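Colleague: This structure is in structure tokens; I'll ask about it shortly.
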Amino acid sequence: RARAWGQGPPETVIAQRRQHSIQARAAAKAALVHQAIDERRVTLEGADGDTLHGVVAGIQSETALVLVPALGGTSDMAELCGIARRAAADGIASIRYDQRGTGQSSGSASLMEPDGEVRDCGVVVRWARAQLGASRVYVVGVSFGAAVAAAAAGRFDEVDGMVCISYPCDYLWFLTLPHAAGRWRGYASVPKPKLFVWGTRDQYAAKHAALKWYGTLAPPKDVVLFEGLDPKRGHVFHTVSLVAALSERVVAWVLKMA
């Protein structure tokens with residue numbers, strides 16, 4: 001809006017910031033994806049018969065994580081890889097997967113009413129309980145994946161708690177049907193352990209509004225705010241150090257809850 005009125009930074013500065021963000025995020029992903037950890041690839045049948053491709057990190061454990069990527073993201077997201085690696089080091093198994101219609105998973109995304117993605121998440125949670133020997137499963141989502149994770153926690157008894165990273169509370173009108181945004185926010189109020197993580201300058205979750213909404217949610221709950229997320233939208237953990245700090249906070253919280 002400021003640029004439209006000639007008040008924003010020059011296009012050259014915007015382009016430089018964008019390129020820096022892209023390069024930094026690529027470096028963070030490369031540093032994490034290529035770390036040697038015990039992983040294996042698996043395939044699951046999704047809620048509507050689609051093939052979901054996933055990556056399991058770690059061995060069987062009483063507590064397991066289901067890691068849900070952002071819109072258009074896949075199981076190789078830097079944030080998910082970092083959390084999986086840190087969790088495995090602390091004896092927590094995880095499965096991260098490509099959502100329907102992304103990466104190696106078949107089917108198509110169901111934007112405007114992403115009920116299918118939520119039901120897929122429920123399938124993966126049940127798989128984690130059966131195949132990873134977990135008696136407790138926490139869903140961890142990033143951005144759109146955070147909305148899916150919260151909905152899964154609100155709808156399925158098999159989910160013990162949620163971690164919502166960069167939950168786009170100001171953007172649900174776009175990700176779901178506008179009249180359904182309130183219902184989607186309501187899922188997060190289920191009385192299960194919940195951790196919300198935001199950047200202080202998130203374009204999709206204005207700080208004061210996000211914290212005000214968080215205040216209405218049922219306990220138990222915790223919130224963590226990070227400075228210095230990507231310069232374009234303040235929404236992405238785009239450096240190795242940020243991903244490492246995020247992973248440490250998330251896994252420490254899960255261990256405390258477990």
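By convention here, the chains of the structure tokens are called A, B, ... in the order presented, each chain's residues are numbered starting at 1, and ligands are numbered starting at 1 in the order presented.
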Which residues are close to A:Phe196, i.e. within 10 Å by only C-alpha atoms, leaving aside same-chain residues fewer than 3 positions away? Reply as a PDB file with C-alpha atoms, in the first residue's frame.
Modeller:
ATOM      1  CA  VAL A 140       3.227 -29.463  14.635  1.00  0.00           C
ATOM      2  CA  ALA A 146      -0.531 -24.743  11.655  1.00  0.00           C
ATOM      3  CA  MET A 162      -0.550 -28.886  19.033  1.00  0.00           C
ATOM      4  CA  VAL A 163       2.317 -26.627  18.077  1.00  0.00           C
ATOM      5  CA  CYS A 164       1.288 -23.838  15.711  1.00  0.00           C
ATOM      6  CA  ILE A 165       4.175 -22.002  14.054  1.00  0.00           C
ATOM      7  CA  SER A 166       3.345 -18.770  12.211  1.00  0.00           C
ATOM      8  CA  TYR A 167      -0.394 -19.513  12.524  1.00  0.00           C
ATOM      9  CA  ALA A 210      -2.656 -12.462  17.325  1.00  0.00           C
ATOM     10  CA  LEU A 211      -1.880 -12.160  21.029  1.00  0.00           C
ATOM     11  CA  TYR A 214      -4.377 -16.221  21.742  1.00  0.00           C
ATOM     12  CA  LYS A 221      -1.132 -22.838  26.471  1.00  0.00           C
ATOM     13  CA  ASP A 222       2.197 -21.143  25.810  1.00  0.00           C
ATOM     14  CA  VAL A 223       3.380 -18.559  23.332  1.00  0.00           C
ATOM     15  CA  VAL A 224       6.845 -17.686  22.005  1.00  0.00           C
ATOM     16  CA  LEU A 225       7.714 -14.636  19.894  1.00  0.00           C
ATOM     17  CA  VAL A 250       9.467 -26.686  20.185  1.00  0.00           C
TER      18      VAL A 250
END
Colleague: Need the shell around stretch 158-161 of chain A: protein/DNA/RNA residues with any atom at most 9 Å away, counting only C-alpha atoms. Skip same-chain ones fewer than 5 positions apart. Format as a list in words?
Modeller: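 The neighbour list is Gly122, Val125, Arg126, Arg129, Arg136, Val137, Tyr138, Val139, Val140, Ala150, Ala152, Ala153, Pro191, Lys192, Pro193, Lys194, Leu195, Val254 and Met257 of chain A.
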Colleague: Name the residues in contact with A:Ser189 at a cut-off of 8 Å, using only C-alpha atoms, excluding same-chain residues fewer than 6 positions from it; report them as JSON, numbers by chain.
Modeller: {"A": [154, 216, 217, 218]}
Colleague: How many Å lie between atom CA of A:Gly234 and atom CA of A:Trp253, rounded to one decimal?
Modeller: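 That distance, rounded to one decimal, is 22.8 Å.
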Colleague: How would you write, as a PyMOL selection string, the set of residues in stretch 76-223 of chain A that DSSP gives as helix (DSSP H, G or I)?
Modeller: chain A and resi 78-89+115-131+144-155+172-175+178-187+207-215
Colleague: Quick one: everything within 9 Å of stretch 96-105 of chain A, counting only C-alpha atoms, minus sequence neighbours fewer than 6 positions away in the same chain. Send it as a ChimeraX atom specification.
Modeller: /A:43,46,50-57,65-76,80-81,84,116-117,120-121,124,145
Colleague: Convert the current residue selection to file output with N, CA, C and O atoms, as a compact mmCIF listing (two decimals), in the first residue's frame.
Modeller:
# COMPACT_ATOMS: atom_id res chain seq x y z
N THR A 43 5.00 -44.51 2.65
CA THR A 43 3.80 -44.06 1.95
C THR A 43 2.58 -44.50 2.75
O THR A 43 2.56 -45.59 3.34
N GLY A 46 -4.11 -41.72 2.08
CA GLY A 46 -4.79 -40.59 2.68
C GLY A 46 -6.26 -40.84 2.92
O GLY A 46 -6.81 -41.90 2.57
N ASP A 50 -5.81 -40.90 -1.62
CA ASP A 50 -4.58 -40.40 -2.21
C ASP A 50 -3.37 -41.05 -1.55
O ASP A 50 -3.44 -41.53 -0.41
N THR A 51 -2.26 -41.06 -2.25
CA THR A 51 -1.00 -41.55 -1.68
C THR A 51 -0.26 -40.40 -1.04
O THR A 51 0.04 -39.40 -1.70
N LEU A 52 0.03 -40.53 0.25
CA LEU A 52 0.78 -39.52 0.97
C LEU A 52 2.20 -40.03 1.20
O LEU A 52 2.40 -41.13 1.71
N HIS A 53 3.17 -39.23 0.79
CA HIS A 53 4.57 -39.59 1.00
C HIS A 53 5.07 -38.90 2.26
O HIS A 53 4.86 -37.70 2.45
N GLY A 54 5.74 -39.67 3.11
CA GLY A 54 6.24 -39.12 4.35
C GLY A 54 7.67 -39.54 4.62
O GLY A 54 8.22 -40.43 3.96
N VAL A 55 8.29 -38.88 5.59
CA VAL A 55 9.65 -39.18 6.02
C VAL A 55 9.61 -39.37 7.53
O VAL A 55 9.18 -38.47 8.27
N VAL A 56 10.04 -40.53 7.98
CA VAL A 56 10.09 -40.83 9.41
C VAL A 56 11.51 -40.61 9.90
O VAL A 56 12.47 -41.09 9.30
N ALA A 57 11.64 -39.88 10.99
CA ALA A 57 12.93 -39.63 11.63
C ALA A 57 12.90 -40.23 13.02
O ALA A 57 11.92 -40.08 13.75
N LEU A 65 5.80 -36.98 16.95
CA LEU A 65 5.36 -35.74 16.33
C LEU A 65 4.88 -36.01 14.92
O LEU A 65 5.50 -36.79 14.18
N VAL A 66 3.80 -35.36 14.53
CA VAL A 66 3.36 -35.32 13.13
C VAL A 66 3.59 -33.89 12.66
O VAL A 66 3.02 -32.94 13.22
N LEU A 67 4.44 -33.73 11.64
CA LEU A 67 4.89 -32.42 11.18
C LEU A 67 4.19 -32.07 9.87
O LEU A 67 4.31 -32.80 8.89
N VAL A 68 3.47 -30.95 9.88
CA VAL A 68 2.60 -30.58 8.76
C VAL A 68 3.16 -29.34 8.05
O VAL A 68 3.32 -28.29 8.68
N PRO A 69 3.45 -29.44 6.75
CA PRO A 69 4.07 -28.31 6.05
C PRO A 69 3.11 -27.18 5.73
O PRO A 69 1.89 -27.32 5.83
N ALA A 70 3.67 -26.07 5.32
CA ALA A 70 2.90 -24.90 4.92
C ALA A 70 2.24 -25.12 3.56
O ALA A 70 2.48 -26.13 2.89
N LEU A 71 1.42 -24.19 3.15
CA LEU A 71 0.75 -24.25 1.86
C LEU A 71 1.78 -24.35 0.74
O LEU A 71 2.65 -23.49 0.62
N GLY A 72 1.70 -25.40 -0.05
CA GLY A 72 2.64 -25.60 -1.14
C GLY A 72 3.98 -26.15 -0.69
O GLY A 72 4.84 -26.48 -1.52
N GLY A 73 4.19 -26.24 0.62
CA GLY A 73 5.44 -26.78 1.15
C GLY A 73 5.40 -28.30 1.20
O GLY A 73 4.35 -28.92 1.04
N THR A 74 6.55 -28.89 1.43
CA THR A 74 6.66 -30.34 1.47
C THR A 74 7.44 -30.75 2.71
O THR A 74 7.80 -29.93 3.55
N SER A 75 7.72 -32.04 2.78
CA SER A 75 8.40 -32.59 3.94
C SER A 75 9.84 -32.12 4.07
O SER A 75 10.49 -32.40 5.09
N ASP A 76 10.37 -31.42 3.07
CA ASP A 76 11.75 -30.94 3.18
C ASP A 76 11.82 -29.49 3.64
O ASP A 76 12.88 -28.86 3.57
N LEU A 80 10.57 -28.00 9.41
CA LEU A 80 10.20 -29.37 9.76
C LEU A 80 11.42 -30.25 9.90
O LEU A 80 11.49 -31.09 10.81
N CYS A 81 12.39 -30.08 8.99
CA CYS A 81 13.62 -30.88 9.07
C CYS A 81 14.36 -30.58 10.37
O CYS A 81 14.89 -31.49 11.02
N ALA A 84 12.47 -32.19 13.29
CA ALA A 84 12.62 -33.65 13.24
C ALA A 84 14.00 -34.07 13.74
O ALA A 84 14.13 -35.03 14.51
N GLY A 116 -10.12 -31.91 3.62
CA GLY A 116 -9.36 -33.10 3.25
C GLY A 116 -7.99 -33.13 3.88
O GLY A 116 -7.51 -34.19 4.33
N GLU A 117 -7.31 -31.97 3.93
CA GLU A 117 -6.00 -31.91 4.55
C GLU A 117 -6.07 -32.24 6.04
O GLU A 117 -5.16 -32.87 6.60
N ASP A 120 -6.56 -35.96 6.33
CA ASP A 120 -5.27 -36.60 6.05
C ASP A 120 -4.37 -36.56 7.28
O ASP A 120 -3.69 -37.54 7.61
N CYS A 121 -4.35 -35.42 7.96
CA CYS A 121 -3.54 -35.29 9.16
C CYS A 121 -3.98 -36.30 10.21
O CYS A 121 -3.15 -36.93 10.88
N VAL A 124 -2.48 -39.61 9.39
CA VAL A 124 -1.06 -39.69 9.74
C VAL A 124 -0.89 -39.83 11.25
O VAL A 124 -0.01 -40.57 11.72
N GLY A 145 -0.12 -25.10 7.50
CA GLY A 145 -0.02 -26.35 8.24
C GLY A 145 -0.38 -26.20 9.70
O GLY A 145 -0.86 -27.14 10.34
Colleague: For A:Leu255, which of A:Met77, A:Ala109, A:Val240, A:Ala88 is the closest residue, counting only C-alpha atoms?
Modeller: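 When distances to A:Leu255 are compared using only C-alpha atoms, the smallest one comes from A:Ala88.
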Colleague: How far is it from atom CA of A:Val142 to atom CA of A:Gly199, in Å with one decimal?
Modeller: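 Atom-to-atom, atom CA of A:Val142 and atom CA of A:Gly199 are spaced 12.1 Å apart.
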Colleague: In Å to one decimal, how far is atom CA of A:Leu229 from atom CA of A:Ile37?
Modeller: 26.1 Å
Colleague: From the set A:Ala180, A:Ser110, A:Ser94, A:Gln131, which residue has the shortest atom-to-atom contact distance to A:Gly82, counting only C-alpha atoms?
Modeller: A:Ser94
